[in-house]
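Enquirer: Following this line is protein.pdb, made up of PDB, N, CA and C atoms:
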ATOM      1  N   MET A   1      99.384 225.520 210.299
ATOM      2  CA  MET A   1      99.163 225.604 208.867
ATOM      3  C   MET A   1      99.465 224.242 208.239
ATOM      4  N   ASN A   2      98.823 223.968 207.156
ATOM      5  CA  ASN A   2      98.997 222.708 206.446
ATOM      6  C   ASN A   2     100.399 222.673 205.821
ATOM      7  N   ARG A   3     101.243 221.753 206.303
ATOM      8  CA  ARG A   3     102.631 221.693 205.833
ATOM      9  C   ARG A   3     102.718 221.358 204.355
ATOM     10  N   ALA A   4     101.844 220.477 203.872
ATOM     11  CA  ALA A   4     101.890 220.091 202.464
ATOM     12  C   ALA A   4     101.559 221.280 201.574
ATOM     13  N   LEU A   5     100.551 222.050 201.954
ATOM     14  CA  LEU A   5     100.183 223.217 201.156
ATOM     15  C   LEU A   5     101.292 224.263 201.169
ATOM     16  N   LEU A   6     101.896 224.466 202.312
ATOM     17  CA  LEU A   6     102.998 225.426 202.423
ATOM     18  C   LEU A   6     104.192 224.992 201.585
ATOM     19  N   TYR A   7     104.531 223.706 201.644
ATOM     20  CA  TYR A   7     105.676 223.185 200.895
ATOM     21  C   TYR A   7     105.445 223.271 199.384
ATOM     22  N   HIS A   8     104.321 222.763 198.934
ATOM     23  CA  HIS A   8     104.055 222.756 197.493
ATOM     24  C   HIS A   8     103.794 224.167 196.961
ATOM     25  N   GLY A   9     103.185 225.012 197.774
ATOM     26  CA  GLY A   9     103.012 226.407 197.374
ATOM     27  C   GLY A   9     104.346 227.111 197.196
ATOM     28  N   SER A  10     105.286 226.823 198.089
ATOM     29  CA  SER A  10     106.626 227.414 197.971
ATOM     30  C   SER A  10     107.333 226.922 196.714
ATOM     31  N   LEU A  11     107.180 225.644 196.388
ATOM     32  CA  LEU A  11     107.792 225.124 195.170
ATOM     33  C   LEU A  11     107.164 225.731 193.920
ATOM     34  N   VAL A  12     105.855 225.976 193.959
ATOM     35  CA  VAL A  12     105.197 226.629 192.823
ATOM     36  C   VAL A  12     105.747 228.040 192.644
ATOM     37  N   VAL A  13     105.909 228.762 193.737
ATOM     38  CA  VAL A  13     106.459 230.124 193.656
ATOM     39  C   VAL A  13     107.887 230.086 193.116
ATOM     40  N   CYS A  14     108.719 229.167 193.606
ATOM     41  CA  CYS A  14     110.100 229.047 193.118
ATOM     42  C   CYS A  14     110.128 228.751 191.621
ATOM     43  N   GLY A  15     109.319 227.805 191.183
ATOM     44  CA  GLY A  15     109.282 227.475 189.763
ATOM     45  C   GLY A  15     108.787 228.615 188.907
ATOM     46  N   PHE A  16     107.773 229.324 189.390
ATOM     47  CA  PHE A  16     107.248 230.451 188.630
ATOM     48  C   PHE A  16     108.285 231.550 188.468
ATOM     49  N   VAL A  17     109.016 231.846 189.526
ATOM     50  CA  VAL A  17     110.044 232.892 189.440
ATOM     51  C   VAL A  17     111.139 232.482 188.466
ATOM     52  N   LEU A  18     111.581 231.236 188.535
ATOM     53  CA  LEU A  18     112.625 230.776 187.610
ATOM     54  C   LEU A  18     112.149 230.882 186.160
ATOM     55  N   ALA A  19     110.925 230.466 185.901
ATOM     56  CA  ALA A  19     110.405 230.536 184.538
ATOM     57  C   ALA A  19     110.190 231.985 184.106
ATOM     58  N   ALA A  20     109.666 232.813 185.002
ATOM     59  CA  ALA A  20     109.369 234.209 184.650
ATOM     60  C   ALA A  20     110.640 234.999 184.365
ATOM     61  N   VAL A  21     111.725 234.674 185.036
ATOM     62  CA  VAL A  21     112.986 235.385 184.805
ATOM     63  C   VAL A  21     113.584 235.006 183.455
ATOM     64  N   SER A  22     113.405 233.762 183.027
ATOM     65  CA  SER A  22     114.065 233.301 181.807
ATOM     66  C   SER A  22     113.235 233.505 180.543
ATOM     67  N   VAL A  23     111.928 233.593 180.660
ATOM     68  CA  VAL A  23     111.076 233.666 179.468
ATOM     69  C   VAL A  23     111.321 234.932 178.632
ATOM     70  N   PRO A  24     111.479 236.121 179.213
ATOM     71  CA  PRO A  24     111.685 237.301 178.353
ATOM     72  C   PRO A  24     112.883 237.190 177.411
ATOM     73  N   SER A  25     113.986 236.616 177.881
ATOM     74  CA  SER A  25     115.147 236.479 176.995
ATOM     75  C   SER A  25     114.874 235.447 175.906
ATOM     76  N   LEU A  26     114.114 234.398 176.225
ATOM     77  CA  LEU A  26     113.782 233.400 175.210
ATOM     78  C   LEU A  26     112.837 233.973 174.160
ATOM     79  N   VAL A  27     111.909 234.797 174.577
ATOM     80  CA  VAL A  27     110.982 235.428 173.632
ATOM     81  C   VAL A  27     111.735 236.388 172.707
ATOM     82  N   ALA A  28     112.761 237.045 173.251
ATOM     83  CA  ALA A  28     113.559 237.972 172.451
ATOM     84  C   ALA A  28     114.497 237.256 171.495
ATOM     85  N   GLY A  29     114.578 235.933 171.583
ATOM     86  CA  GLY A  29     115.417 235.175 170.670
ATOM     87  C   GLY A  29     116.820 234.938 171.167
ATOM     88  N   GLU A  30     117.093 235.238 172.431
ATOM     89  CA  GLU A  30     118.420 235.023 173.015
ATOM     90  C   GLU A  30     118.430 233.668 173.733
ATOM     91  N   PHE A  31     118.703 232.619 172.978
ATOM     92  CA  PHE A  31     118.684 231.279 173.552
ATOM     93  C   PHE A  31     120.039 230.946 174.165
ATOM     94  N   SER A  32     120.004 230.462 175.384
ATOM     95  CA  SER A  32     121.201 229.975 176.052
ATOM     96  C   SER A  32     120.810 228.719 176.833
ATOM     97  N   VAL A  33     121.794 227.944 177.176
ATOM     98  CA  VAL A  33     121.522 226.707 177.905
ATOM     99  C   VAL A  33     120.872 227.026 179.247
ATOM    100  N   SER A  34     121.408 228.009 179.949
ATOM    101  CA  SER A  34     120.863 228.333 181.263
ATOM    102  C   SER A  34     119.443 228.877 181.163
ATOM    103  N   GLY A  35     119.165 229.693 180.168
ATOM    104  CA  GLY A  35     117.821 230.233 180.001
ATOM    105  C   GLY A  35     116.792 229.162 179.696
ATOM    106  N   VAL A  36     117.144 228.251 178.815
ATOM    107  CA  VAL A  36     116.223 227.169 178.459
ATOM    108  C   VAL A  36     116.008 226.246 179.656
ATOM    109  N   LEU A  37     117.077 225.912 180.369
ATOM    110  CA  LEU A  37     116.945 225.030 181.531
ATOM    111  C   LEU A  37     116.131 225.685 182.645
ATOM    112  N   MET A  38     116.294 226.985 182.848
ATOM    113  CA  MET A  38     115.498 227.670 183.858
ATOM    114  C   MET A  38     114.023 227.673 183.485
ATOM    115  N   ALA A  39     113.710 227.900 182.214
ATOM    116  CA  ALA A  39     112.317 227.914 181.776
ATOM    117  C   ALA A  39     111.685 226.533 181.896
ATOM    118  N   VAL A  40     112.376 225.521 181.433
ATOM    119  CA  VAL A  40     111.840 224.159 181.483
ATOM    120  C   VAL A  40     111.755 223.666 182.933
ATOM    121  N   GLY A  41     112.795 223.899 183.703
ATOM    122  CA  GLY A  41     112.789 223.465 185.103
ATOM    123  C   GLY A  41     111.753 224.192 185.942
ATOM    124  N   GLY A  42     111.627 225.493 185.731
ATOM    125  CA  GLY A  42     110.623 226.260 186.469
ATOM    126  C   GLY A  42     109.212 225.820 186.124
ATOM    127  N   GLY A  43     108.958 225.623 184.840
ATOM    128  CA  GLY A  43     107.648 225.134 184.433
ATOM    129  C   GLY A  43     107.357 223.749 184.981
ATOM    130  N   GLY A  44     108.370 222.908 184.991
ATOM    131  CA  GLY A  44     108.216 221.566 185.553
ATOM    132  C   GLY A  44     107.936 221.593 187.044
ATOM    133  N   MET A  45     108.603 222.497 187.763
ATOM    134  CA  MET A  45     108.340 222.623 189.200
ATOM    135  C   MET A  45     106.910 223.052 189.464
ATOM    136  N   VAL A  46     106.426 224.015 188.685
ATOM    137  CA  VAL A  46     105.053 224.497 188.863
ATOM    138  C   VAL A  46     104.062 223.374 188.584
ATOM    139  N   LEU A  47     104.232 222.699 187.453
ATOM    140  CA  LEU A  47     103.283 221.647 187.087
ATOM    141  C   LEU A  47     103.325 220.464 188.064
ATOM    142  N   ALA A  48     104.519 220.021 188.440
ATOM    143  CA  ALA A  48     104.637 218.865 189.331
ATOM    144  C   ALA A  48     104.087 219.167 190.723
ATOM    145  N   SER A  49     104.395 220.333 191.254
ATOM    146  CA  SER A  49     103.915 220.669 192.596
ATOM    147  C   SER A  49     102.410 220.885 192.613
ATOM    148  N   ALA A  50     101.895 221.551 191.608
ATOM    149  CA  ALA A  50     100.444 221.763 191.543
ATOM    150  C   ALA A  50      99.723 220.429 191.366
ATOM    151  N   TYR A  51     100.243 219.565 190.525
ATOM    152  CA  TYR A  51      99.632 218.256 190.315
ATOM    153  C   TYR A  51      99.638 217.432 191.598
ATOM    154  N   GLU A  52     100.754 217.421 192.291
ATOM    155  CA  GLU A  52     100.870 216.655 193.536
ATOM    156  C   GLU A  52      99.879 217.162 194.587
ATOM    157  N   GLN A  53      99.759 218.477 194.694
ATOM    158  CA  GLN A  53      98.885 219.055 195.713
ATOM    159  C   GLN A  53      97.409 218.841 195.372
ATOM    160  N   LEU A  54      97.063 218.953 194.097
ATOM    161  CA  LEU A  54      95.656 218.914 193.711
ATOM    162  C   LEU A  54      95.101 217.503 193.539
ATOM    163  N   THR A  55      95.923 216.548 193.174
ATOM    164  CA  THR A  55      95.388 215.227 192.853
ATOM    165  C   THR A  55      95.484 214.214 193.989
ATOM    166  N   ASN A  56      96.356 214.404 194.942
ATOM    167  CA  ASN A  56      96.534 213.419 196.010
ATOM    168  C   ASN A  56      95.776 213.838 197.258
ATOM    169  N   ASP A  57      95.168 212.857 197.922
ATOM    170  CA  ASP A  57      94.492 213.137 199.190
ATOM    171  C   ASP A  57      95.501 213.453 200.292
ATOM    172  N   ASP A  58      96.641 212.794 200.219
ATOM    173  CA  ASP A  58      97.701 213.021 201.195
ATOM    174  C   ASP A  58      98.995 213.304 200.432
ATOM    175  N   PRO A  59      99.213 214.568 199.998
ATOM    176  CA  PRO A  59     100.393 214.867 199.181
ATOM    177  C   PRO A  59     101.697 214.633 199.940
ATOM    178  N   ALA A  60     102.720 214.282 199.183
ATOM    179  CA  ALA A  60     104.038 214.028 199.776
ATOM    180  C   ALA A  60     104.626 215.321 200.315
ATOM    181  N   VAL A  61     105.191 215.236 201.484
ATOM    182  CA  VAL A  61     105.836 216.385 202.118
ATOM    183  C   VAL A  61     107.023 215.847 202.920
ATOM    184  N   PRO A  62     108.134 216.597 202.986
ATOM    185  CA  PRO A  62     109.274 216.119 203.761
ATOM    186  C   PRO A  62     108.910 215.909 205.229
ATOM    187  N   GLU A  63     109.462 214.857 205.814
ATOM    188  CA  GLU A  63     109.199 214.568 207.221
ATOM    189  C   GLU A  63     109.833 215.604 208.146
ATOM    190  N   THR A  64     110.950 216.155 207.735
ATOM    191  CA  THR A  64     111.670 217.131 208.549
ATOM    192  C   THR A  64     111.042 218.508 208.383
ATOM    193  N   PRO A  65     110.548 219.117 209.451
ATOM    194  CA  PRO A  65     109.938 220.448 209.333
ATOM    195  C   PRO A  65     110.929 221.504 208.831
ATOM    196  N   GLY A  66     112.224 221.285 209.062
ATOM    197  CA  GLY A  66     113.227 222.245 208.602
ATOM    198  C   GLY A  66     113.292 222.348 207.086
ATOM    199  N   LEU A  67     112.994 221.259 206.393
ATOM    200  CA  LEU A  67     113.014 221.303 204.931
ATOM    201  C   LEU A  67     111.843 222.119 204.380
ATOM    202  N   VAL A  68     110.708 222.055 205.048
ATOM    203  CA  VAL A  68     109.563 222.882 204.639
ATOM    204  C   VAL A  68     109.907 224.348 204.853
ATOM    205  N   LEU A  69     110.503 224.653 205.980
ATOM    206  CA  LEU A  69     110.904 226.027 206.275
ATOM    207  C   LEU A  69     111.956 226.512 205.280
ATOM    208  N   MET A  70     112.864 225.630 204.889
ATOM    209  CA  MET A  70     113.880 225.988 203.898
ATOM    210  C   MET A  70     113.232 226.291 202.543
ATOM    211  N   ALA A  71     112.217 225.542 202.167
ATOM    212  CA  ALA A  71     111.508 225.799 200.907
ATOM    213  C   ALA A  71     110.816 227.157 200.949
ATOM    214  N   VAL A  72     110.260 227.514 202.097
ATOM    215  CA  VAL A  72     109.617 228.823 202.236
ATOM    216  C   VAL A  72     110.642 229.937 202.100
ATOM    217  N   PHE A  73     111.780 229.801 202.765
ATOM    218  CA  PHE A  73     112.824 230.824 202.663
ATOM    219  C   PHE A  73     113.402 230.897 201.246
ATOM    220  N   ALA A  74     113.506 229.765 200.568
ATOM    221  CA  ALA A  74     113.979 229.767 199.183
ATOM    222  C   ALA A  74     113.003 230.516 198.286
ATOM    223  N   ALA A  75     111.719 230.327 198.519
ATOM    224  CA  ALA A  75     110.720 231.047 197.731
ATOM    225  C   ALA A  75     110.820 232.546 197.970
ATOM    226  N   ILE A  76     110.991 232.945 199.216
ATOM    227  CA  ILE A  76     111.128 234.374 199.538
ATOM    228  C   ILE A  76     112.385 234.946 198.889
ATOM    229  N   ALA A  77     113.491 234.204 198.952
ATOM    230  CA  ALA A  77     114.749 234.677 198.354
ATOM    231  C   ALA A  77     114.634 234.773 196.838
ATOM    232  N   LEU A  78     113.979 233.813 196.205
ATOM    233  CA  LEU A  78     113.827 233.874 194.749
ATOM    234  C   LEU A  78     112.912 235.008 194.316
ATOM    235  N   VAL A  79     111.875 235.293 195.099
ATOM    236  CA  VAL A  79     111.014 236.439 194.771
ATOM    237  C   VAL A  79     111.807 237.734 194.885
ATOM    238  N   ALA A  80     112.619 237.852 195.939
ATOM    239  CA  ALA A  80     113.453 239.049 196.087
ATOM    240  C   ALA A  80     114.444 239.168 194.920
ATOM    241  N   TRP A  81     115.025 238.045 194.502
ATOM    242  CA  TRP A  81     115.951 238.058 193.372
ATOM    243  C   TRP A  81     115.227 238.460 192.075
ATOM    244  N   GLY A  82     114.047 237.915 191.878
ATOM    245  CA  GLY A  82     113.287 238.267 190.679
ATOM    246  C   GLY A  82     112.912 239.727 190.643
ATOM    247  N   ILE A  83     112.551 240.279 191.788
ATOM    248  CA  ILE A  83     112.218 241.709 191.859
ATOM    249  C   ILE A  83     113.450 242.556 191.593
ATOM    250  N   SER A  84     114.602 242.118 192.076
ATOM    251  CA  SER A  84     115.825 242.908 191.865
ATOM    252  C   SER A  84     116.227 242.958 190.394
ATOM    253  N   LEU A  85     115.779 241.995 189.598
ATOM    254  CA  LEU A  85     116.109 241.984 188.173
ATOM    255  C   LEU A  85     115.232 242.918 187.354
ATOM    256  N   LEU A  86     114.164 243.412 187.943
ATOM    257  CA  LEU A  86     113.262 244.301 187.194
ATOM    258  C   LEU A  86     113.876 245.613 186.896
TER     259      LEU A  86
END
If you took the structure in this file and wrote it as structure tokens, what would it be?
Expert:
Amino acid sequence: MNRALLYHGSLVVCGFVLAAVSVPSLVAGEFSVSGVLMAVGGGGMVLASAYEQLTNDDPAVPETPGLVLMAVFAAIALVAWGISLL
């Protein structure tokens, strides 16, 4: 499998989960430092990873295969955490 696509896809999933978890409280008017930082950071992760993957012919990816695998496991863990909050 393409390591760059797997890595950046995992970062997009991580960013989306962070933003999706924090947005409902912000919409309800409950502003907190952690909520705002999660929304901004998650959105930034989604935009930066998507931009890197879509615009570069050879997107940046960690040289160590273990870091790509760690990003995949982090995405899986964050999805499980987001589901548990429902």
Enquirer: Within 8 Å of Leu6 (chain A), counting all atoms listed in the file, which residues qualify if same-chain residues fewer than 5 places away don't, as a count of residues only?
Expert: 7
Enquirer: Just want the 5 Å neighbourhood of Met38 (chain A), counted on all atoms listed in the file, with same-chain residues fewer than 4 positions away dropped. Output as a tab-separated table (two decimals) with N, CA and C atoms, in the coordinates of the input.
Expert:
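Output file result22.tsv is given in full below:
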chain	number	residue	atom	x	y	z
A	18	LEU	N	111.58	231.24	188.54
A	18	LEU	CA	112.62	230.78	187.61
A	18	LEU	C	112.15	230.88	186.16
A	19	ALA	N	110.92	230.47	185.90
A	19	ALA	CA	110.40	230.54	184.54
A	19	ALA	C	110.19	231.98	184.11
A	34	SER	N	121.41	228.01	179.95
A	34	SER	CA	120.86	228.33	181.26
A	34	SER	C	119.44	228.88	181.16
A	42	GLY	N	111.63	225.49	185.73
A	42	GLY	CA	110.62	226.26	186.47
A	42	GLY	C	109.21	225.82	186.12
Enquirer: In Å, rounded to a single decimal, give me how far CA of Val17 (chain A) is from CA of Ser84 (chain A).
Expert: 11.8 Å
Enquirer: Neighbouring residues of region 74-77 of chain A were defined as those with any atom within 6.5 Å, considering only N, CA and C atoms; residues of the same chain fewer than 6 positions away were excluded. Please report them as a short mmCIF file (atom, residue, chain, number, x, y, z; two decimals) with N, CA and C atoms, in the coordinates of the input.
Expert:
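To be explicit, this is the file written out as part32.cif:
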data_model
loop_
_atom_site.label_atom_id
_atom_site.label_comp_id
_atom_site.auth_asym_id
_atom_site.auth_seq_id
_atom_site.Cartn_x
_atom_site.Cartn_y
_atom_site.Cartn_z
N SER A 10 105.29 226.82 198.09
CA SER A 10 106.63 227.41 197.97
C SER A 10 107.33 226.92 196.71
N VAL A 13 105.91 228.76 193.74
CA VAL A 13 106.46 230.12 193.66
C VAL A 13 107.89 230.09 193.12
N CYS A 14 108.72 229.17 193.61
CA CYS A 14 110.10 229.05 193.12
C CYS A 14 110.13 228.75 191.62
#
Enquirer: Expressed in Å to a single decimal, how great is the separation between CA of Ser25 (chain A) and CA of Ile83 (chain A)?
Expert: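 Taking CA of Ser25 (chain A) as the start and CA of Ile83 (chain A) as the end point, the length is 16.0 Å.
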Enquirer: Please return, as a CSV table (one decimal) with N, CA and C atoms, in the frame of the given file, all residues of chain A that DSSP assigns to alpha helix (DSSP H) on the basis of the backbone.
Expert:
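The resulting selection.csv:
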chain,number,residue,atom,x,y,z
A,3,ARG,N,101.2,221.8,206.3
A,3,ARG,CA,102.6,221.7,205.8
A,3,ARG,C,102.7,221.4,204.4
A,4,ALA,N,101.8,220.5,203.9
A,4,ALA,CA,101.9,220.1,202.5
A,4,ALA,C,101.6,221.3,201.6
A,5,LEU,N,100.6,222.0,202.0
A,5,LEU,CA,100.2,223.2,201.2
A,5,LEU,C,101.3,224.3,201.2
A,6,LEU,N,101.9,224.5,202.3
A,6,LEU,CA,103.0,225.4,202.4
A,6,LEU,C,104.2,225.0,201.6
A,7,TYR,N,104.5,223.7,201.6
A,7,TYR,CA,105.7,223.2,200.9
A,7,TYR,C,105.4,223.3,199.4
A,8,HIS,N,104.3,222.8,198.9
A,8,HIS,CA,104.1,222.8,197.5
A,8,HIS,C,103.8,224.2,197.0
A,9,GLY,N,103.2,225.0,197.8
A,9,GLY,CA,103.0,226.4,197.4
A,9,GLY,C,104.3,227.1,197.2
A,10,SER,N,105.3,226.8,198.1
A,10,SER,CA,106.6,227.4,198.0
A,10,SER,C,107.3,226.9,196.7
A,11,LEU,N,107.2,225.6,196.4
A,11,LEU,CA,107.8,225.1,195.2
A,11,LEU,C,107.2,225.7,193.9
A,12,VAL,N,105.9,226.0,194.0
A,12,VAL,CA,105.2,226.6,192.8
A,12,VAL,C,105.7,228.0,192.6
A,13,VAL,N,105.9,228.8,193.7
A,13,VAL,CA,106.5,230.1,193.7
A,13,VAL,C,107.9,230.1,193.1
A,14,CYS,N,108.7,229.2,193.6
A,14,CYS,CA,110.1,229.0,193.1
A,14,CYS,C,110.1,228.8,191.6
A,15,GLY,N,109.3,227.8,191.2
A,15,GLY,CA,109.3,227.5,189.8
A,15,GLY,C,108.8,228.6,188.9
A,16,PHE,N,107.8,229.3,189.4
A,16,PHE,CA,107.2,230.5,188.6
A,16,PHE,C,108.3,231.6,188.5
A,17,VAL,N,109.0,231.8,189.5
A,17,VAL,CA,110.0,232.9,189.4
A,17,VAL,C,111.1,232.5,188.5
A,18,LEU,N,111.6,231.2,188.5
A,18,LEU,CA,112.6,230.8,187.6
A,18,LEU,C,112.1,230.9,186.2
A,19,ALA,N,110.9,230.5,185.9
A,19,ALA,CA,110.4,230.5,184.5
A,19,ALA,C,110.2,232.0,184.1
A,20,ALA,N,109.7,232.8,185.0
A,20,ALA,CA,109.4,234.2,184.6
A,20,ALA,C,110.6,235.0,184.4
A,21,VAL,N,111.7,234.7,185.0
A,21,VAL,CA,113.0,235.4,184.8
A,21,VAL,C,113.6,235.0,183.5
A,22,SER,N,113.4,233.8,183.0
A,22,SER,CA,114.1,233.3,181.8
A,22,SER,C,113.2,233.5,180.5
A,23,VAL,N,111.9,233.6,180.7
A,23,VAL,CA,111.1,233.7,179.5
A,23,VAL,C,111.3,234.9,178.6
A,24,PRO,N,111.5,236.1,179.2
A,24,PRO,CA,111.7,237.3,178.4
A,24,PRO,C,112.9,237.2,177.4
A,25,SER,N,114.0,236.6,177.9
A,25,SER,CA,115.1,236.5,177.0
A,25,SER,C,114.9,235.4,175.9
A,26,LEU,N,114.1,234.4,176.2
A,26,LEU,CA,113.8,233.4,175.2
A,26,LEU,C,112.8,234.0,174.2
A,27,VAL,N,111.9,234.8,174.6
A,27,VAL,CA,111.0,235.4,173.6
A,27,VAL,C,111.7,236.4,172.7
A,33,VAL,N,121.8,227.9,177.2
A,33,VAL,CA,121.5,226.7,177.9
A,33,VAL,C,120.9,227.0,179.2
A,34,SER,N,121.4,228.0,179.9
A,34,SER,CA,120.9,228.3,181.3
A,34,SER,C,119.4,228.9,181.2
A,35,GLY,N,119.2,229.7,180.2
A,35,GLY,CA,117.8,230.2,180.0
A,35,GLY,C,116.8,229.2,179.7
A,36,VAL,N,117.1,228.3,178.8
A,36,VAL,CA,116.2,227.2,178.5
A,36,VAL,C,116.0,226.2,179.7
A,37,LEU,N,117.1,225.9,180.4
A,37,LEU,CA,116.9,225.0,181.5
A,37,LEU,C,116.1,225.7,182.6
A,38,MET,N,116.3,227.0,182.8
A,38,MET,CA,115.5,227.7,183.9
A,38,MET,C,114.0,227.7,183.5
A,39,ALA,N,113.7,227.9,182.2
A,39,ALA,CA,112.3,227.9,181.8
A,39,ALA,C,111.7,226.5,181.9
A,40,VAL,N,112.4,225.5,181.4
A,40,VAL,CA,111.8,224.2,181.5
A,40,VAL,C,111.8,223.7,182.9
A,41,GLY,N,112.8,223.9,183.7
A,41,GLY,CA,112.8,223.5,185.1
A,41,GLY,C,111.8,224.2,185.9
A,42,GLY,N,111.6,225.5,185.7
A,42,GLY,CA,110.6,226.3,186.5
A,42,GLY,C,109.2,225.8,186.1
A,43,GLY,N,109.0,225.6,184.8
A,43,GLY,CA,107.6,225.1,184.4
A,43,GLY,C,107.4,223.7,185.0
A,44,GLY,N,108.4,222.9,185.0
A,44,GLY,CA,108.2,221.6,185.6
A,44,GLY,C,107.9,221.6,187.0
A,45,MET,N,108.6,222.5,187.8
A,45,MET,CA,108.3,222.6,189.2
A,45,MET,C,106.9,223.1,189.5
A,46,VAL,N,106.4,224.0,188.7
A,46,VAL,CA,105.1,224.5,188.9
A,46,VAL,C,104.1,223.4,188.6
A,47,LEU,N,104.2,222.7,187.5
A,47,LEU,CA,103.3,221.6,187.1
A,47,LEU,C,103.3,220.5,188.1
A,48,ALA,N,104.5,220.0,188.4
A,48,ALA,CA,104.6,218.9,189.3
A,48,ALA,C,104.1,219.2,190.7
A,49,SER,N,104.4,220.3,191.3
A,49,SER,CA,103.9,220.7,192.6
A,49,SER,C,102.4,220.9,192.6
A,50,ALA,N,101.9,221.6,191.6
A,50,ALA,CA,100.4,221.8,191.5
A,50,ALA,C,99.7,220.4,191.4
A,51,TYR,N,100.2,219.6,190.5
A,51,TYR,CA,99.6,218.3,190.3
A,51,TYR,C,99.6,217.4,191.6
A,52,GLU,N,100.8,217.4,192.3
A,52,GLU,CA,100.9,216.7,193.5
A,52,GLU,C,99.9,217.2,194.6
A,53,GLN,N,99.8,218.5,194.7
A,53,GLN,CA,98.9,219.1,195.7
A,53,GLN,C,97.4,218.8,195.4
A,54,LEU,N,97.1,219.0,194.1
A,54,LEU,CA,95.7,218.9,193.7
A,54,LEU,C,95.1,217.5,193.5
A,55,THR,N,95.9,216.5,193.2
A,55,THR,CA,95.4,215.2,192.9
A,55,THR,C,95.5,214.2,194.0
A,65,PRO,N,110.5,219.1,209.5
A,65,PRO,CA,109.9,220.4,209.3
A,65,PRO,C,110.9,221.5,208.8
A,66,GLY,N,112.2,221.3,209.1
A,66,GLY,CA,113.2,222.2,208.6
A,66,GLY,C,113.3,222.3,207.1
A,67,LEU,N,113.0,221.3,206.4
A,67,LEU,CA,113.0,221.3,204.9
A,67,LEU,C,111.8,222.1,204.4
A,68,VAL,N,110.7,222.1,205.0
A,68,VAL,CA,109.6,222.9,204.6
A,68,VAL,C,109.9,224.3,204.9
A,69,LEU,N,110.5,224.7,206.0
A,69,LEU,CA,110.9,226.0,206.3
A,69,LEU,C,112.0,226.5,205.3
A,70,MET,N,112.9,225.6,204.9
A,70,MET,CA,113.9,226.0,203.9
A,70,MET,C,113.2,226.3,202.5
A,71,ALA,N,112.2,225.5,202.2
A,71,ALA,CA,111.5,225.8,200.9
A,71,ALA,C,110.8,227.2,200.9
A,72,VAL,N,110.3,227.5,202.1
A,72,VAL,CA,109.6,228.8,202.2
A,72,VAL,C,110.6,229.9,202.1
A,73,PHE,N,111.8,229.8,202.8
A,73,PHE,CA,112.8,230.8,202.7
A,73,PHE,C,113.4,230.9,201.2
A,74,ALA,N,113.5,229.8,200.6
A,74,ALA,CA,114.0,229.8,199.2
A,74,ALA,C,113.0,230.5,198.3
A,75,ALA,N,111.7,230.3,198.5
A,75,ALA,CA,110.7,231.0,197.7
A,75,ALA,C,110.8,232.5,198.0
A,76,ILE,N,111.0,232.9,199.2
A,76,ILE,CA,111.1,234.4,199.5
A,76,ILE,C,112.4,234.9,198.9
A,77,ALA,N,113.5,234.2,199.0
A,77,ALA,CA,114.7,234.7,198.4
A,77,ALA,C,114.6,234.8,196.8
A,78,LEU,N,114.0,233.8,196.2
A,78,LEU,CA,113.8,233.9,194.7
A,78,LEU,C,112.9,235.0,194.3
A,79,VAL,N,111.9,235.3,195.1
A,79,VAL,CA,111.0,236.4,194.8
A,79,VAL,C,111.8,237.7,194.9
A,80,ALA,N,112.6,237.9,195.9
A,80,ALA,CA,113.5,239.0,196.1
A,80,ALA,C,114.4,239.2,194.9
A,81,TRP,N,115.0,238.0,194.5
A,81,TRP,CA,116.0,238.1,193.4
A,81,TRP,C,115.2,238.5,192.1
A,82,GLY,N,114.0,237.9,191.9
A,82,GLY,CA,113.3,238.3,190.7
A,82,GLY,C,112.9,239.7,190.6
A,83,ILE,N,112.6,240.3,191.8
A,83,ILE,CA,112.2,241.7,191.9
A,83,ILE,C,113.4,242.6,191.6
A,84,SER,N,114.6,242.1,192.1
A,84,SER,CA,115.8,242.9,191.9
A,84,SER,C,116.2,243.0,190.4
Enquirer: Report the distance between CA of Met45 (chain A) and CA of Phe16 (chain A) in Å, rounded to one decimal place.
Expert: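 Here the two named atoms are 7.9 Å from each other.
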Enquirer: For the structure just given, write the atoms of region 49-58 of chain A, namely N, CA and C atoms, as an mmCIF file, in the first residue's frame.
Expert:
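The result, stored in selection_24.cif:
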data_model
loop_
_atom_site.group_PDB
_atom_site.id
_atom_site.type_symbol
_atom_site.label_atom_id
_atom_site.label_comp_id
_atom_site.auth_asym_id
_atom_site.auth_seq_id
_atom_site.Cartn_x
_atom_site.Cartn_y
_atom_site.Cartn_z
ATOM 1 N N SER A 49 -2.859 17.966 5.866
ATOM 2 C CA SER A 49 -2.612 16.629 5.324
ATOM 3 C C SER A 49 -3.232 16.462 3.946
ATOM 4 N N ALA A 50 -4.428 16.970 3.768
ATOM 5 C CA ALA A 50 -5.069 16.877 2.451
ATOM 6 C C ALA A 50 -4.286 17.691 1.424
ATOM 7 N N TYR A 51 -3.842 18.870 1.795
ATOM 8 C CA TYR A 51 -3.064 19.704 0.885
ATOM 9 C C TYR A 51 -1.755 19.023 0.497
ATOM 10 N N GLU A 52 -1.067 18.465 1.468
ATOM 11 C CA GLU A 52 0.209 17.791 1.207
ATOM 12 C C GLU A 52 0.019 16.603 0.262
ATOM 13 N N GLN A 53 -1.036 15.833 0.491
ATOM 14 C CA GLN A 53 -1.265 14.639 -0.319
ATOM 15 C C GLN A 53 -1.704 15.000 -1.739
ATOM 16 N N LEU A 54 -2.531 16.028 -1.872
ATOM 17 C CA LEU A 54 -3.113 16.341 -3.173
ATOM 18 C C LEU A 54 -2.215 17.195 -4.063
ATOM 19 N N THR A 55 -1.370 18.020 -3.491
ATOM 20 C CA THR A 55 -0.614 18.956 -4.319
ATOM 21 C C THR A 55 0.803 18.503 -4.651
ATOM 22 N N ASN A 56 1.383 17.612 -3.893
ATOM 23 C CA ASN A 56 2.768 17.203 -4.132
ATOM 24 C C ASN A 56 2.817 15.896 -4.905
ATOM 25 N N ASP A 57 3.763 15.811 -5.838
ATOM 26 C CA ASP A 57 3.959 14.560 -6.573
ATOM 27 C C ASP A 57 4.552 13.481 -5.670
ATOM 28 N N ASP A 58 5.395 13.912 -4.753
ATOM 29 C CA ASP A 58 6.012 12.987 -3.808
ATOM 30 C C ASP A 58 5.793 13.534 -2.397
#
